[in-house]
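Report on one structure; see the data block that follows.
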Amino acid sequence: MKIGFIGTGVMGSRMAKRLLVAGYDVAVYNRSAEKTVPLLELGAERSDTIAELAQRSDMICTCLSMPDDVIDVYLRKDGVIHHARPGTICLDFTTVGPDTSKTVAKQAQEKDIYYLDAPVSGGPEGAEQGTLTIMVGGEKQVWEQVLPLLNVLGETVEYLGPSGSGSAAKLMNQYLVAVHSVAASEAMVAGAALGLDAEQLYRILKASYGDSRMLRRHMEQYVLPRKFEPGGAVKYVHKDVRLANQLMDEIGMKQFLGQIAEETFAIAVKQGLSDFDMSAVIQTLEKRCNVTVKKKEV
């Protein structure tokens, strides 16, 4: 079986690598061709166009940045849907809104192509280690067919329901990522402004009910050491919480914490933090309160 993989950035490159190591026959395409070089050295084939990759693949995986990228890659004239063979299975690992997944799935169905929305959570380390959480929407029998491949990439692989279900579940996860990130940042900045030692406060919080995975991730890996290389970038979390908030609006919520999180991440983007790790959102609050959350200087 020939696997085509489109999008070999921070996440996609690691996922494609795991497929190669597991013995899959993989062809890769990326808009910036140089990003495919490490995978070519591991035995992947390079496709020069999306159309070429689609024509040669039995299964196509995509891991892209934005909803518009998904629409473009799948639906443009030289894209996946117009060139994939009938019976091809498409797995989209991108975080998008359910409407985007349903739109692509409908177009795929008209061409006798199978499409699953399969967004992932777990970051680069999860992609590297094969411990991702993968949330799948689409036809259940197709999910069952691709489960062996998904188990190479993820530790928790869940089928959620029809097209768009996986994307909806991922956005609920991202809603919590954004809200928890901002809440943890607010608490740590407030503590610093009140004269508390940041390391001591963090030790107390992680041993108490205020603990969270985002608190630990951000403080230990990024904030206290003051190293904000991504990780998951600010711009992507801003995109994700904005999409999640749209779902909140649609179901009738009026006031919700995601609105504050979206606003805070939007400020971080405006302040030039787009490409930094999501934990860098704390810098917007530090500027507001004129403090820095960091380890005590020795």
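In the structure tokens, the first chain shown is A, the next is B, and so on; residue numbers restart at 1 for each chain, and ligands run from 1 in the order shown.
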
Would you tabulate, counting only C-alpha atoms, all residues of range 193-294 of chain A that have an atom at most 7 Å from an atom of range 177-187 of chain A, showing the closest pair of atoms and their distance in Å to one decimal, sorted by chain then ascending number, as a tab-separated table?
residue	atom	partner	partner_atom	distance
A:Met214	CA	A:Ser181	CA	5.9
A:Leu215	CA	A:Ala184	CA	5.5
A:Val237	CA	A:Ala178	CA	6.5
A:Val241	CA	A:Ala178	CA	6.4
A:Leu257	CA	A:Val179	CA	6.6
A:Gly258	CA	A:Val179	CA	6.0
A:Ala261	CA	A:Val179	CA	5.4
A:Ser279	CA	A:Ser181	CA	6.8
A:Ile282	CA	A:Ser185	CA	5.0
A:Leu285	CA	A:Glu186	CA	6.9

Exercise. Using only C-alpha atoms, which residues sit within 6 Å of Thr131 in chain A once same-chain residues fewer than 4 positions away are excluded, as a count of residues only?
Worked result: 3

For this session: Enumerate, as a ChimeraX atom specification, the complete set of residues in range 142-204 of chain A that a backbone-based DSSP assignment places in strand (DSSP E or B).
Result: /A:154-161

Exercise. Can you tell me, as a ChimeraX atom specification, what residues are no more than 8 Å from range 59-65 of chain A when counting only C-alpha atoms, ignoring any on the same chain fewer than 3 positions away?
Worked result: /A:1-9,11-12,54,69-70,88-95,236

Write to file, as a short mmCIF file (atom, residue, chain, number, x, y, z; two decimals), in the first residue's frame, the residues of the selection just made, with C-alpha atoms.
data_model
loop_
_atom_site.label_atom_id
_atom_site.label_comp_id
_atom_site.auth_asym_id
_atom_site.auth_seq_id
_atom_site.Cartn_x
_atom_site.Cartn_y
_atom_site.Cartn_z
CA MET A 1 0.00 0.00 0.00
CA LYS A 2 1.33 3.40 -1.01
CA ILE A 3 0.91 6.19 1.54
CA GLY A 4 1.02 9.81 0.36
CA PHE A 5 1.81 12.38 3.05
CA ILE A 6 1.18 16.08 2.44
CA GLY A 7 2.53 18.58 4.98
CA THR A 8 5.86 17.70 6.59
CA GLY A 9 6.17 20.46 9.16
CA MET A 11 4.00 17.45 13.32
CA GLY A 12 3.72 15.93 9.86
CA ALA A 54 -2.69 11.79 -5.25
CA ASP A 69 -4.95 25.07 3.50
CA VAL A 70 -7.17 22.00 3.79
CA THR A 88 -8.58 6.17 -2.05
CA ILE A 89 -8.74 6.84 1.69
CA CYS A 90 -7.86 10.34 2.91
CA LEU A 91 -6.90 11.08 6.51
CA ASP A 92 -6.74 14.74 7.51
CA PHE A 93 -4.84 15.33 10.74
CA THR A 94 -5.30 19.12 10.61
CA THR A 95 -7.26 20.98 13.29
CA TYR A 236 -2.33 28.01 15.94
#

Problem set entry | Contact residues around Met188 in chain A with only C-alpha atoms at 12 Å, ignoring same-chain residues under 2 positions, as an MDAnalysis selection string | chainID A and resid 181:186 190:206 210 215:216 218:219 223:224 279 282:283 285:286 289 291:294

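Taking CA of Ser165 in chain A as the reference point, CA of Ser101 in chain A is found at 8.8 Å.
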
Exercise. Which residues come within 10 Å of Thr103 in chain A, counting only C-alpha atoms, excluding same-chain residues fewer than 2 positions away, as a list in words?
Worked result: Ile71, Leu75, Pro98, Asp99, Thr100, Ser101, Ala105, Lys106, Gln107, Ala108, Ser163 and Gly164 of chain A

Requested write-out: N, CA and C atoms of the selected residues, as an mmCIF file, in the first residue's frame:
data_model
loop_
_atom_site.group_PDB
_atom_site.id
_atom_site.type_symbol
_atom_site.label_atom_id
_atom_site.label_comp_id
_atom_site.auth_asym_id
_atom_site.auth_seq_id
_atom_site.Cartn_x
_atom_site.Cartn_y
_atom_site.Cartn_z
ATOM 1 N N ILE A 71 -8.856 23.176 2.519
ATOM 2 C CA ILE A 71 -9.735 23.404 1.363
ATOM 3 C C ILE A 71 -8.909 23.474 0.082
ATOM 4 N N LEU A 75 -9.426 20.591 -2.611
ATOM 5 C CA LEU A 75 -10.474 20.950 -3.559
ATOM 6 C C LEU A 75 -10.021 21.749 -4.774
ATOM 7 N N PRO A 98 -15.675 21.675 12.100
ATOM 8 C CA PRO A 98 -16.478 20.598 11.524
ATOM 9 C C PRO A 98 -17.009 20.920 10.134
ATOM 10 N N ASP A 99 -17.356 22.178 9.870
ATOM 11 C CA ASP A 99 -17.883 22.541 8.549
ATOM 12 C C ASP A 99 -16.855 22.290 7.455
ATOM 13 N N THR A 100 -15.591 22.575 7.739
ATOM 14 C CA THR A 100 -14.534 22.310 6.752
ATOM 15 C C THR A 100 -14.437 20.819 6.471
ATOM 16 N N SER A 101 -14.467 20.007 7.515
ATOM 17 C CA SER A 101 -14.394 18.550 7.337
ATOM 18 C C SER A 101 -15.579 18.034 6.538
ATOM 19 N N ALA A 105 -15.471 16.183 2.926
ATOM 20 C CA ALA A 105 -16.025 14.823 2.893
ATOM 21 C C ALA A 105 -17.102 14.692 1.826
ATOM 22 N N LYS A 106 -17.935 15.702 1.673
ATOM 23 C CA LYS A 106 -19.000 15.667 0.676
ATOM 24 C C LYS A 106 -18.419 15.623 -0.737
ATOM 25 N N GLN A 107 -17.412 16.460 -0.991
ATOM 26 C CA GLN A 107 -16.769 16.470 -2.300
ATOM 27 C C GLN A 107 -16.054 15.148 -2.575
ATOM 28 N N ALA A 108 -15.443 14.595 -1.545
ATOM 29 C CA ALA A 108 -14.758 13.311 -1.701
ATOM 30 C C ALA A 108 -15.750 12.198 -2.034
ATOM 31 N N SER A 163 -18.730 12.483 9.762
ATOM 32 C CA SER A 163 -17.800 13.543 9.366
ATOM 33 C C SER A 163 -17.991 14.799 10.206
ATOM 34 N N GLY A 164 -16.885 15.356 10.657
ATOM 35 C CA GLY A 164 -16.907 16.549 11.491
ATOM 36 C C GLY A 164 -16.822 16.255 12.972
#
